[in-house]
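S.K.: One structure, pasted below without further comment.
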Amino acid sequence: MSYCVHCGVELDASAARCALCGTPVLDPNAAQPQPQQPTPFAETPFVPKHMRRRFVAYLITVIMLIPNIVCSLANAIFYADGFWSFYINATSLLLWVVFVFPFFTKKLRPYLMWAFDTAAVAFYIFFFFVMRYESKAKWYYDSVLPIVLFLALEALVYMIWVRRKKRHWVLQAAAIDFDIGLAAVVIGSILQINRGFTKAFYIGMIVFISTLVLLAFLSYCYSSKHMRAWLSKKFYV
Amino acid sequence: MKNAGQDWYQLDNAAKIFPGQNSRTWSNVFRVGVELRETVDPALLQQALEQVLPRFPTFDVKIKHGFFWHYFEKNPQIPEVQPDVKNICYRINFKENRGFLFRVYYHDRRIAVDFFHALGDGYANTVFVSTLAAQYLRLRGAEIPPGGAVLNLGDPPTEEEQSDAYRQYASSKAKYDRHDKAVYHAVSEKEGRHLCNYTVGVMSAAQVKQAARRWDCTVTEYLVALLLDIHYHMQPDGKKKPKELCVQVPVNLRRHFPSKTLRNFVVCLRIKLNPAMGDYGFDEIVRLVRLQMQLQNEKKFLNSMMTQNMKVERNPLLRATPLLIKDLGVGISFAVTAEQTTTALLSNIGRVELPEEMYPYIEKYMFFTGPGQRNGGRCGVITCGDTLCLTVSNCYRDAAIERALFTRLVKAGVHVKVESNRE
């Protein structure tokens, strides 16, 4: 007969620790391990079968494949208008990578998803514009690709930062705000240098300065407990 | 209610909502278990089950979809006893388990049955388990006469046992107004799908009664007050307006109305505490619980609650709505009301009366309320002889509620032995 030293309850003979507080059962006088006692409850759970995620993913993939195959075949037969089926193929591929592919992995893999999603977006724009209009290749390589890669980099940094430890919601909001401002400046610079939009950089700077104002407000909220209490009181839902 | 000349039953008033609440991961299931003094023989238990089942025609059924309502139909198959599982009261699938809505388990010295709530309430299922255990003991050579919760297998099932007692007794002209709003929940990290933690506290009924008597209240009132007090102190003391607390207490209507039905005949009282009113000491909470229980646990009041539930069922518009839409409505209403409006639950089946000859073979009875979706403290209480078992079903990993409850009882001078399926 053993008791929990913290809770004062008697424990089952088979218990290795207190069920209420987790304190281990120790008998300093026991010279050798006690024989195994029958446990009060069965030890194996029954996990009911349910429709597997992967099965659902396969099903959606097949459903998505049908219009793609039909359109590709039709395009091959009626080629007069060029590769018009690429629009459907590219859109389906993007949707599949973003929404269906995650169901094929057993657990959520954010970095893998990030890499695939970035590639899918870059290819989507490539398919949509460059494949049909070869004149747009330069536009794609000097402006679109750098912007997509920069936004993906920002998302990656944010993801690593949030996953490392749980951040306060004010800090998260501040980080997103800063990311938006920075993105505006970088996009503005790229468009001004590579595309010749004269005022793009300045528009980006205006956005950046606006986000800085919001950033100052958020940092004040983060540092002042009183302000947060006032906000939660005023905007209590 | 059995329909003349046919082998099918309408679901009783309370049972009508349970199939609509059923999901792939959650069902309204509870368990009554009996622990004997010797290891259970599965072959004899199977034999006993097959002999007992014809006496309970309302259990020997499968559920079917009608156009307007679900209904029970005689199940031509034979149920099978199975070794117990760790995740007690996991969801019921109407197509599994040969279509039966109950599962009979054995583990070491225990016989346990998980019931889908549509079959019957705690009392009805205790009668089933007791009769099954008595028949099992008879097959082991014991001489046990019928009596108390053990039915005579020689008697044919009566019409009254199979009747829907709500229809028979709901006769109030008074209107019962429900004012249920969202209440406080002690939420923490949830266990995985289909899993739930159960902690059983085995105590002396006399000691618990004595502890309750110190506060001049009954055992149920005392335990409800403890649950309220625990949740009252768990609610963070912030600047926000504290949320109301509400413990749901099912009441066996057979104590007020002379019915012998073996189906559902229960309504739920709602015992509330509003911390926004000010600070409460335990003595005030006990007083508040006692007053509310006395006010609500009264024949005429219970009748008005019962009649209000019947009104929904009798509504001609609702009756003419196809089952698919009804189930959808029940599912939505369950998501926005039900556990959103209760902090905890305490269901006390009370004392199980058995024939004198059976007591020497029985160690204890156990009653497990099913897992909650938001409620961490769903308590089931059952007493047999001087052994009272208080079981806490907790869908969260954290054992704060159980710990608080049992340590409070220990401090009140009650010797508590704890058994759990936690690792």
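Within each chain, counting starts at residue 1; across the structure tokens, chains are named A, B, ... in the order shown, with ligands numbered 1 upward in that order.
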I want to know what sits within 12 Å of range 64-71 of chain A, based on only C-alpha atoms, with residues of the same chain fewer than 4 positions away left out; could you give that as a PDB file with N, CA and C atoms, in the first residue's frame?
M.R.:
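Generated file (result28.pdb):
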ATOM      1  N   ALA A  57      -6.076  12.890 -50.160  1.00  0.00           N
ATOM      2  CA  ALA A  57      -5.175  13.618 -51.055  1.00  0.00           C
ATOM      3  C   ALA A  57      -5.123  12.957 -52.434  1.00  0.00           C
ATOM      4  N   TYR A  58      -5.052  11.612 -52.444  1.00  0.00           N
ATOM      5  CA  TYR A  58      -5.044  10.885 -53.725  1.00  0.00           C
ATOM      6  C   TYR A  58      -6.332  11.166 -54.501  1.00  0.00           C
ATOM      7  N   LEU A  59      -7.430  11.130 -53.763  1.00  0.00           N
ATOM      8  CA  LEU A  59      -8.742  11.335 -54.391  1.00  0.00           C
ATOM      9  C   LEU A  59      -8.810  12.711 -55.065  1.00  0.00           C
ATOM     10  N   ILE A  60      -8.376  13.737 -54.325  1.00  0.00           N
ATOM     11  CA  ILE A  60      -8.429  15.100 -54.877  1.00  0.00           C
ATOM     12  C   ILE A  60      -7.483  15.204 -56.084  1.00  0.00           C
ATOM     13  N   ASN A  75      -6.124  20.450 -76.368  1.00  0.00           N
ATOM     14  CA  ASN A  75      -5.148  21.427 -76.856  1.00  0.00           C
ATOM     15  C   ASN A  75      -4.275  20.823 -77.964  1.00  0.00           C
ATOM     16  N   ALA A  76      -3.924  19.532 -77.750  1.00  0.00           N
ATOM     17  CA  ALA A  76      -3.099  18.853 -78.751  1.00  0.00           C
ATOM     18  C   ALA A  76      -3.844  18.724 -80.082  1.00  0.00           C
ATOM     19  N   ILE A  77      -5.154  18.509 -79.974  1.00  0.00           N
ATOM     20  CA  ILE A  77      -5.967  18.361 -81.194  1.00  0.00           C
ATOM     21  C   ILE A  77      -6.219  19.720 -81.853  1.00  0.00           C
ATOM     22  N   PHE A  78      -6.660  20.669 -81.032  1.00  0.00           N
ATOM     23  CA  PHE A  78      -6.960  22.023 -81.568  1.00  0.00           C
ATOM     24  C   PHE A  78      -5.842  22.971 -81.171  1.00  0.00           C
ATOM     25  N   TYR A  79      -4.726  22.846 -81.866  1.00  0.00           N
ATOM     26  CA  TYR A  79      -3.532  23.589 -81.469  1.00  0.00           C
ATOM     27  C   TYR A  79      -3.569  25.057 -81.927  1.00  0.00           C
ATOM     28  N   PHE A  83      -0.505  27.105 -76.774  1.00  0.00           N
ATOM     29  CA  PHE A  83      -0.639  26.258 -75.573  1.00  0.00           C
ATOM     30  C   PHE A  83      -1.604  26.869 -74.560  1.00  0.00           C
ATOM     31  N   TRP A  84      -2.864  26.922 -74.862  1.00  0.00           N
ATOM     32  CA  TRP A  84      -3.821  27.528 -73.910  1.00  0.00           C
ATOM     33  C   TRP A  84      -4.068  26.649 -72.695  1.00  0.00           C
ATOM     34  N   SER A  85      -3.825  25.323 -72.849  1.00  0.00           N
ATOM     35  CA  SER A  85      -4.087  24.438 -71.689  1.00  0.00           C
ATOM     36  C   SER A  85      -3.087  24.684 -70.553  1.00  0.00           C
ATOM     37  N   PHE A  86      -1.971  25.421 -70.855  1.00  0.00           N
ATOM     38  CA  PHE A  86      -1.014  25.734 -69.789  1.00  0.00           C
ATOM     39  C   PHE A  86      -1.657  26.534 -68.660  1.00  0.00           C
ATOM     40  N   TYR A  87      -2.631  27.352 -69.000  1.00  0.00           N
ATOM     41  CA  TYR A  87      -3.296  28.147 -67.953  1.00  0.00           C
ATOM     42  C   TYR A  87      -3.929  27.228 -66.914  1.00  0.00           C
ATOM     43  N   ILE A  88      -4.625  26.206 -67.392  1.00  0.00           N
ATOM     44  CA  ILE A  88      -5.304  25.271 -66.492  1.00  0.00           C
ATOM     45  C   ILE A  88      -4.268  24.415 -65.761  1.00  0.00           C
ATOM     46  N   ASN A  89      -3.242  23.946 -66.525  1.00  0.00           N
ATOM     47  CA  ASN A  89      -2.211  23.101 -65.904  1.00  0.00           C
ATOM     48  C   ASN A  89      -1.487  23.854 -64.787  1.00  0.00           C
ATOM     49  N   ALA A  90      -1.097  25.096 -65.100  1.00  0.00           N
ATOM     50  CA  ALA A  90      -0.322  25.874 -64.122  1.00  0.00           C
ATOM     51  C   ALA A  90      -1.165  26.175 -62.878  1.00  0.00           C
ATOM     52  N   THR A  91      -2.414  26.572 -63.088  1.00  0.00           N
ATOM     53  CA  THR A  91      -3.288  26.880 -61.941  1.00  0.00           C
ATOM     54  C   THR A  91      -3.511  25.636 -61.091  1.00  0.00           C
ATOM     55  N   SER A  92      -3.761  24.497 -61.761  1.00  0.00           N
ATOM     56  CA  SER A  92      -3.983  23.252 -61.018  1.00  0.00           C
ATOM     57  C   SER A  92      -2.745  22.877 -60.224  1.00  0.00           C
ATOM     58  N   LEU A  93      -1.579  23.048 -60.847  1.00  0.00           N
ATOM     59  CA  LEU A  93      -0.333  22.686 -60.168  1.00  0.00           C
ATOM     60  C   LEU A  93      -0.135  23.546 -58.915  1.00  0.00           C
ATOM     61  N   LEU A  94      -0.384  24.845 -59.065  1.00  0.00           N
ATOM     62  CA  LEU A  94      -0.220  25.748 -57.922  1.00  0.00           C
ATOM     63  C   LEU A  94      -1.170  25.351 -56.783  1.00  0.00           C
ATOM     64  N   LEU A  95      -2.450  25.131 -57.137  1.00  0.00           N
ATOM     65  CA  LEU A  95      -3.439  24.758 -56.115  1.00  0.00           C
ATOM     66  C   LEU A  95      -3.062  23.426 -55.462  1.00  0.00           C
ATOM     67  N   TRP A  96      -2.580  22.500 -56.293  1.00  0.00           N
ATOM     68  CA  TRP A  96      -2.225  21.192 -55.768  1.00  0.00           C
ATOM     69  C   TRP A  96      -1.075  21.296 -54.777  1.00  0.00           C
ATOM     70  N   VAL A  97      -0.032  22.060 -55.151  1.00  0.00           N
ATOM     71  CA  VAL A  97       1.140  22.175 -54.264  1.00  0.00           C
ATOM     72  C   VAL A  97       0.755  22.863 -52.954  1.00  0.00           C
ATOM     73  N   PHE A  99      -2.433  23.362 -51.520  1.00  0.00           N
ATOM     74  CA  PHE A  99      -3.511  22.810 -50.695  1.00  0.00           C
ATOM     75  C   PHE A  99      -3.521  21.283 -50.571  1.00  0.00           C
ATOM     76  N   VAL A 100      -3.084  20.560 -51.580  1.00  0.00           N
ATOM     77  CA  VAL A 100      -3.212  19.094 -51.541  1.00  0.00           C
ATOM     78  C   VAL A 100      -1.933  18.424 -51.065  1.00  0.00           C
TER      79      VAL A 100
END
S.K.: Could you give me, as JSON lines, a per-residue list for chain A showing, wherever an atom lies at most 9 Å from an atom of chain B, the closest pair of atoms and their distance in Å to one decimal, using only C-alpha atoms and sorting by chain then residue number from low to high?
M.R.:
{"residue": "A:Tyr3", "atom": "CA", "partner": "B:Lys417", "partner_atom": "CA", "distance": 8.7}
{"residue": "A:Cys7", "atom": "CA", "partner": "B:Thr407", "partner_atom": "CA", "distance": 5.7}
{"residue": "A:Gly8", "atom": "CA", "partner": "B:Val410", "partner_atom": "CA", "distance": 6.6}
{"residue": "A:Val9", "atom": "CA", "partner": "B:Val416", "partner_atom": "CA", "distance": 5.3}
{"residue": "A:Glu10", "atom": "CA", "partner": "B:Lys417", "partner_atom": "CA", "distance": 4.3}
{"residue": "A:Leu11", "atom": "CA", "partner": "B:Val418", "partner_atom": "CA", "distance": 5.3}
{"residue": "A:Asp12", "atom": "CA", "partner": "B:Glu419", "partner_atom": "CA", "distance": 5.8}
{"residue": "A:Ala15", "atom": "CA", "partner": "B:Glu419", "partner_atom": "CA", "distance": 8.2}
{"residue": "A:Ala16", "atom": "CA", "partner": "B:Glu423", "partner_atom": "CA", "distance": 8.8}
{"residue": "A:Arg17", "atom": "CA", "partner": "B:Glu423", "partner_atom": "CA", "distance": 8.4}
{"residue": "A:Cys18", "atom": "CA", "partner": "B:Val418", "partner_atom": "CA", "distance": 8.4}
{"residue": "A:Ala19", "atom": "CA", "partner": "B:Ser420", "partner_atom": "CA", "distance": 6.1}
{"residue": "A:Leu20", "atom": "CA", "partner": "B:Arg403", "partner_atom": "CA", "distance": 5.1}
{"residue": "A:Cys21", "atom": "CA", "partner": "B:Arg403", "partner_atom": "CA", "distance": 7.1}
{"residue": "A:Pro38", "atom": "CA", "partner": "B:Asp108", "partner_atom": "CA", "distance": 7.5}
{"residue": "A:Thr39", "atom": "CA", "partner": "B:Asp108", "partner_atom": "CA", "distance": 8.5}
{"residue": "A:Pro40", "atom": "CA", "partner": "B:Glu419", "partner_atom": "CA", "distance": 6.5}
{"residue": "A:Phe41", "atom": "CA", "partner": "B:Asn421", "partner_atom": "CA", "distance": 5.6}
{"residue": "A:Ala42", "atom": "CA", "partner": "B:Lys86", "partner_atom": "CA", "distance": 4.8}
{"residue": "A:Glu43", "atom": "CA", "partner": "B:Lys86", "partner_atom": "CA", "distance": 5.2}
{"residue": "A:Thr44", "atom": "CA", "partner": "B:Lys86", "partner_atom": "CA", "distance": 5.2}
{"residue": "A:Pro45", "atom": "CA", "partner": "B:Lys86", "partner_atom": "CA", "distance": 4.3}
{"residue": "A:Phe46", "atom": "CA", "partner": "B:Val85", "partner_atom": "CA", "distance": 6.0}
{"residue": "A:Val47", "atom": "CA", "partner": "B:His194", "partner_atom": "CA", "distance": 6.8}
{"residue": "A:Pro48", "atom": "CA", "partner": "B:His194", "partner_atom": "CA", "distance": 7.9}
{"residue": "A:His50", "atom": "CA", "partner": "B:Arg24", "partner_atom": "CA", "distance": 7.8}
{"residue": "A:Ala229", "atom": "CA", "partner": "B:Lys239", "partner_atom": "CA", "distance": 8.0}
{"residue": "A:Ser232", "atom": "CA", "partner": "B:Lys240", "partner_atom": "CA", "distance": 8.5}
{"residue": "A:Lys233", "atom": "CA", "partner": "B:Lys240", "partner_atom": "CA", "distance": 7.4}
{"residue": "A:Tyr236", "atom": "CA", "partner": "B:Lys240", "partner_atom": "CA", "distance": 8.3}
S.K.: For the residues in that selection, give me N, CA and C atoms as a PDB file, in the first residue's frame.
M.R.:
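This is the output file again-v1.pdb:
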ATOM      1  N   TYR A   3       1.253   5.619  -0.651  1.00  0.00           N
ATOM      2  CA  TYR A   3       0.526   6.895  -0.665  1.00  0.00           C
ATOM      3  C   TYR A   3       1.364   7.955  -1.375  1.00  0.00           C
ATOM      4  N   CYS A   7      -0.168  14.454  -2.445  1.00  0.00           N
ATOM      5  CA  CYS A   7      -1.632  14.532  -2.526  1.00  0.00           C
ATOM      6  C   CYS A   7      -2.311  13.845  -1.342  1.00  0.00           C
ATOM      7  N   GLY A   8      -1.615  12.909  -0.697  1.00  0.00           N
ATOM      8  CA  GLY A   8      -2.208  12.214   0.444  1.00  0.00           C
ATOM      9  C   GLY A   8      -3.164  11.113   0.063  1.00  0.00           C
ATOM     10  N   VAL A   9      -3.250  10.784  -1.227  1.00  0.00           N
ATOM     11  CA  VAL A   9      -4.172   9.720  -1.651  1.00  0.00           C
ATOM     12  C   VAL A   9      -3.430   8.382  -1.703  1.00  0.00           C
ATOM     13  N   GLU A  10      -4.197   7.309  -1.492  1.00  0.00           N
ATOM     14  CA  GLU A  10      -3.604   5.978  -1.618  1.00  0.00           C
ATOM     15  C   GLU A  10      -3.489   5.664  -3.103  1.00  0.00           C
ATOM     16  N   LEU A  11      -2.386   5.014  -3.490  1.00  0.00           N
ATOM     17  CA  LEU A  11      -2.187   4.705  -4.909  1.00  0.00           C
ATOM     18  C   LEU A  11      -2.381   3.220  -5.157  1.00  0.00           C
ATOM     19  N   ASP A  12      -2.693   2.892  -6.389  1.00  0.00           N
ATOM     20  CA  ASP A  12      -2.859   1.496  -6.759  1.00  0.00           C
ATOM     21  C   ASP A  12      -1.506   0.784  -6.648  1.00  0.00           C
ATOM     22  N   ALA A  15       0.886   1.238  -9.478  1.00  0.00           N
ATOM     23  CA  ALA A  15       1.247   2.599  -9.916  1.00  0.00           C
ATOM     24  C   ALA A  15       2.735   2.883  -9.690  1.00  0.00           C
ATOM     25  N   ALA A  16       3.383   3.411 -10.719  1.00  0.00           N
ATOM     26  CA  ALA A  16       4.788   3.797 -10.598  1.00  0.00           C
ATOM     27  C   ALA A  16       4.892   5.263 -10.178  1.00  0.00           C
ATOM     28  N   ARG A  17       3.838   6.015 -10.404  1.00  0.00           N
ATOM     29  CA  ARG A  17       3.800   7.424 -10.000  1.00  0.00           C
ATOM     30  C   ARG A  17       2.365   7.828  -9.670  1.00  0.00           C
ATOM     31  N   CYS A  18       2.236   8.931  -8.956  1.00  0.00           N
ATOM     32  CA  CYS A  18       0.902   9.396  -8.566  1.00  0.00           C
ATOM     33  C   CYS A  18       0.149   9.879  -9.810  1.00  0.00           C
ATOM     34  N   ALA A  19      -1.080   9.417  -9.954  1.00  0.00           N
ATOM     35  CA  ALA A  19      -1.868   9.785 -11.133  1.00  0.00           C
ATOM     36  C   ALA A  19      -2.270  11.254 -11.104  1.00  0.00           C
ATOM     37  N   LEU A  20      -2.215  11.869  -9.933  1.00  0.00           N
ATOM     38  CA  LEU A  20      -2.690  13.249  -9.820  1.00  0.00           C
ATOM     39  C   LEU A  20      -1.564  14.268 -10.009  1.00  0.00           C
ATOM     40  N   CYS A  21      -0.363  13.965  -9.443  1.00  0.00           N
ATOM     41  CA  CYS A  21       0.705  14.974  -9.529  1.00  0.00           C
ATOM     42  C   CYS A  21       1.967  14.434 -10.187  1.00  0.00           C
ATOM     43  N   PRO A  38      -1.208  -6.403 -11.564  1.00  0.00           N
ATOM     44  CA  PRO A  38      -2.129  -6.067 -12.662  1.00  0.00           C
ATOM     45  C   PRO A  38      -2.585  -4.613 -12.553  1.00  0.00           C
ATOM     46  N   THR A  39      -2.621  -3.943 -13.697  1.00  0.00           N
ATOM     47  CA  THR A  39      -3.007  -2.526 -13.686  1.00  0.00           C
ATOM     48  C   THR A  39      -4.532  -2.409 -13.607  1.00  0.00           C
ATOM     49  N   PRO A  40      -5.052  -1.321 -13.027  1.00  0.00           N
ATOM     50  CA  PRO A  40      -6.515  -1.204 -12.927  1.00  0.00           C
ATOM     51  C   PRO A  40      -7.200  -0.994 -14.268  1.00  0.00           C
ATOM     52  N   PHE A  41      -6.462  -0.516 -15.260  1.00  0.00           N
ATOM     53  CA  PHE A  41      -7.050  -0.268 -16.580  1.00  0.00           C
ATOM     54  C   PHE A  41      -6.222  -0.954 -17.657  1.00  0.00           C
ATOM     55  N   ALA A  42      -6.870  -1.259 -18.767  1.00  0.00           N
ATOM     56  CA  ALA A  42      -6.158  -1.838 -19.895  1.00  0.00           C
ATOM     57  C   ALA A  42      -5.126  -0.826 -20.389  1.00  0.00           C
ATOM     58  N   GLU A  43      -4.049  -1.339 -20.987  1.00  0.00           N
ATOM     59  CA  GLU A  43      -2.975  -0.417 -21.364  1.00  0.00           C
ATOM     60  C   GLU A  43      -2.961  -0.057 -22.842  1.00  0.00           C
ATOM     61  N   THR A  44      -3.762  -0.780 -23.633  1.00  0.00           N
ATOM     62  CA  THR A  44      -3.759  -0.490 -25.075  1.00  0.00           C
ATOM     63  C   THR A  44      -5.033   0.246 -25.469  1.00  0.00           C
ATOM     64  N   PRO A  45      -4.896   1.425 -26.071  1.00  0.00           N
ATOM     65  CA  PRO A  45      -6.107   2.109 -26.534  1.00  0.00           C
ATOM     66  C   PRO A  45      -6.578   1.538 -27.865  1.00  0.00           C
ATOM     67  N   PHE A  46      -7.843   1.655 -28.113  1.00  0.00           N
ATOM     68  CA  PHE A  46      -8.384   1.273 -29.417  1.00  0.00           C
ATOM     69  C   PHE A  46      -8.491   2.542 -30.243  1.00  0.00           C
ATOM     70  N   VAL A  47      -7.760   2.587 -31.331  1.00  0.00           N
ATOM     71  CA  VAL A  47      -7.844   3.785 -32.173  1.00  0.00           C
ATOM     72  C   VAL A  47      -8.695   3.445 -33.394  1.00  0.00           C
ATOM     73  N   PRO A  48      -9.902   4.006 -33.462  1.00  0.00           N
ATOM     74  CA  PRO A  48     -10.780   3.662 -34.568  1.00  0.00           C
ATOM     75  C   PRO A  48     -10.186   4.068 -35.912  1.00  0.00           C
ATOM     76  N   HIS A  50     -10.147   5.671 -39.430  1.00  0.00           N
ATOM     77  CA  HIS A  50     -10.884   6.740 -40.080  1.00  0.00           C
ATOM     78  C   HIS A  50     -10.268   6.973 -41.450  1.00  0.00           C
ATOM     79  N   ALA A 229      -3.657  46.730 -21.029  1.00  0.00           N
ATOM     80  CA  ALA A 229      -4.860  46.552 -20.210  1.00  0.00           C
ATOM     81  C   ALA A 229      -5.964  47.499 -20.682  1.00  0.00           C
ATOM     82  N   SER A 232      -7.357  46.178 -23.988  1.00  0.00           N
ATOM     83  CA  SER A 232      -8.228  45.010 -23.848  1.00  0.00           C
ATOM     84  C   SER A 232      -9.540  45.396 -23.179  1.00  0.00           C
ATOM     85  N   LYS A 233      -9.479  46.450 -22.329  1.00  0.00           N
ATOM     86  CA  LYS A 233     -10.719  46.922 -21.694  1.00  0.00           C
ATOM     87  C   LYS A 233     -11.604  47.626 -22.721  1.00  0.00           C
ATOM     88  N   TYR A 236     -12.837  45.139 -25.511  1.00  0.00           N
ATOM     89  CA  TYR A 236     -13.290  43.844 -25.008  1.00  0.00           C
ATOM     90  C   TYR A 236     -14.528  43.393 -25.784  1.00  0.00           C
TER      91      TYR A 236
END
S.K.: Excluding Met306 in chain B and residues on its chain fewer than 5 positions from it, collect all residues at most 8 Å away from it, counting only C-alpha atoms, and give them as a list in words.
M.R.: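 The filter keeps Tyr166, Ala170 and Val267 of chain B.
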S.K.: For those residues, write N, CA and C atoms to a file as an mmCIF file, in the first residue's frame.
M.R.:
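Result saved to out-v9.cif:
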data_model
loop_
_atom_site.group_PDB
_atom_site.id
_atom_site.type_symbol
_atom_site.label_atom_id
_atom_site.label_comp_id
_atom_site.auth_asym_id
_atom_site.auth_seq_id
_atom_site.Cartn_x
_atom_site.Cartn_y
_atom_site.Cartn_z
ATOM 1 N N TYR B 166 -41.195 9.862 -20.555
ATOM 2 C CA TYR B 166 -41.384 11.310 -20.759
ATOM 3 C C TYR B 166 -42.790 11.574 -21.288
ATOM 4 N N ALA B 170 -44.917 13.861 -18.807
ATOM 5 C CA ALA B 170 -44.763 15.292 -19.102
ATOM 6 C C ALA B 170 -46.140 15.927 -19.231
ATOM 7 N N VAL B 267 -33.561 14.401 -16.368
ATOM 8 C CA VAL B 267 -33.366 15.776 -16.853
ATOM 9 C C VAL B 267 -32.159 16.362 -16.126
#
S.K.: Using the chain letters and numbers from this document, which residues of range 46-206 of chain A does DSSP assign to helix (DSSP H, G or I), as a ChimeraX atom specification?
M.R.: /A:53-77,79-81,85-104,110-130,134-164,169-195,200-206
S.K.: Just want the 8 Å neighbourhood of range 268-275 of chain B, counted on only C-alpha atoms, with same-chain residues fewer than 5 positions away dropped. Output as a ChimeraX atom specification.
M.R.: /B:228,232,242-251,280,285,288-289,292-293,296-297
S.K.: Keeping only C-alpha atoms, write the selected residues as a PDB file, in the first residue's frame.
M.R.:
ATOM      1  CA  LEU B 228     -17.791  24.928  -8.320  1.00  0.00           C
ATOM      2  CA  TYR B 232     -14.069  29.363  -9.095  1.00  0.00           C
ATOM      3  CA  PRO B 242     -15.267  36.804 -14.576  1.00  0.00           C
ATOM      4  CA  LYS B 243     -17.413  34.264 -16.356  1.00  0.00           C
ATOM      5  CA  GLU B 244     -20.293  32.411 -14.777  1.00  0.00           C
ATOM      6  CA  LEU B 245     -19.794  28.807 -13.627  1.00  0.00           C
ATOM      7  CA  CYS B 246     -22.363  26.103 -14.178  1.00  0.00           C
ATOM      8  CA  VAL B 247     -22.351  22.464 -13.085  1.00  0.00           C
ATOM      9  CA  GLN B 248     -24.812  20.173 -14.818  1.00  0.00           C
ATOM     10  CA  VAL B 249     -26.467  17.635 -12.524  1.00  0.00           C
ATOM     11  CA  PRO B 250     -28.619  14.924 -14.128  1.00  0.00           C
ATOM     12  CA  VAL B 251     -31.580  13.874 -11.964  1.00  0.00           C
ATOM     13  CA  TYR B 280     -17.554  33.566  -2.406  1.00  0.00           C
ATOM     14  CA  ILE B 285     -21.063  28.174  -2.285  1.00  0.00           C
ATOM     15  CA  LEU B 288     -26.020  28.492  -2.892  1.00  0.00           C
ATOM     16  CA  VAL B 289     -25.847  24.944  -4.264  1.00  0.00           C
ATOM     17  CA  GLN B 292     -30.628  25.840  -6.070  1.00  0.00           C
ATOM     18  CA  MET B 293     -30.902  22.074  -5.721  1.00  0.00           C
ATOM     19  CA  GLN B 296     -34.989  22.750  -8.929  1.00  0.00           C
ATOM     20  CA  ASN B 297     -35.079  19.177  -7.654  1.00  0.00           C
TER      21      ASN B 297
END
S.K.: Could you pull out the strand (DSSP E) residues of range 5-227 of chain B from DSSP and send them as a PyMOL selection string?
M.R.: chain B and resi 8-10+29-36+61-65+70-74+82-83+102-107+110-116+197-204
S.K.: When you count only C-alpha atoms, which of these residues is closest to Phe127 in chain A: A:Trp169, A:Trp230, A:Tyr111, A:Tyr140?
M.R.: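 So, comparing all the options, the nearest one is A:Tyr140.
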S.K.: Residues at most 12 Å from Phe217 in chain A, counting only C-alpha atoms, excluding those fewer than 2 positions away in the same chain, as a short mmCIF file (atom, residue, chain, number, x, y, z; two decimals) with N, CA and C atoms, in the first residue's frame?
M.R.:
data_model
loop_
_atom_site.label_atom_id
_atom_site.label_comp_id
_atom_site.auth_asym_id
_atom_site.auth_seq_id
_atom_site.Cartn_x
_atom_site.Cartn_y
_atom_site.Cartn_z
N VAL A 170 1.70 40.93 -29.82
CA VAL A 170 2.08 42.30 -30.21
C VAL A 170 3.38 42.25 -31.01
N LEU A 171 4.30 41.39 -30.54
CA LEU A 171 5.58 41.25 -31.25
C LEU A 171 5.35 40.68 -32.64
N ALA A 173 2.65 40.96 -34.45
CA ALA A 173 2.03 41.99 -35.28
C ALA A 173 3.10 42.99 -35.74
N ALA A 174 4.03 43.33 -34.83
CA ALA A 174 5.11 44.29 -35.16
C ALA A 174 6.01 43.72 -36.25
N ASP A 177 4.26 43.87 -39.56
CA ASP A 177 4.23 45.27 -39.97
C ASP A 177 5.59 45.69 -40.57
N SER A 210 5.10 54.75 -42.92
CA SER A 210 3.80 54.50 -42.27
C SER A 210 3.88 53.28 -41.36
N THR A 211 4.57 52.26 -41.85
CA THR A 211 4.66 51.05 -41.01
C THR A 211 5.52 51.33 -39.78
N LEU A 212 6.50 52.25 -39.92
CA LEU A 212 7.33 52.59 -38.76
C LEU A 212 6.50 53.25 -37.66
N VAL A 213 5.53 54.08 -38.09
CA VAL A 213 4.65 54.74 -37.10
C VAL A 213 3.86 53.67 -36.33
N LEU A 214 3.33 52.73 -37.09
CA LEU A 214 2.58 51.65 -36.46
C LEU A 214 3.49 50.80 -35.57
N LEU A 215 4.72 50.64 -36.03
CA LEU A 215 5.71 49.87 -35.27
C LEU A 215 5.99 50.55 -33.92
N SER A 219 5.33 48.87 -30.37
CA SER A 219 6.40 48.68 -29.38
C SER A 219 6.01 49.33 -28.05
N TYR A 220 5.26 50.44 -28.13
CA TYR A 220 4.78 51.06 -26.89
C TYR A 220 3.79 50.13 -26.20
N CYS A 221 2.90 49.51 -27.00
CA CYS A 221 1.93 48.56 -26.44
C CYS A 221 2.66 47.40 -25.77
N TYR A 222 3.73 46.95 -26.41
CA TYR A 222 4.45 45.80 -25.88
C TYR A 222 5.13 46.13 -24.55
N SER A 223 5.68 47.35 -24.49
CA SER A 223 6.41 47.71 -23.28
C SER A 223 5.48 48.16 -22.15
N SER A 224 4.31 48.67 -22.48
CA SER A 224 3.43 49.20 -21.43
C SER A 224 2.28 48.23 -21.11
N MET A 227 -1.05 50.11 -21.05
CA MET A 227 -1.65 50.35 -22.37
C MET A 227 -2.39 49.11 -22.87
N ARG A 228 -1.76 47.94 -22.66
CA ARG A 228 -2.39 46.69 -23.11
C ARG A 228 -3.69 46.45 -22.34
#
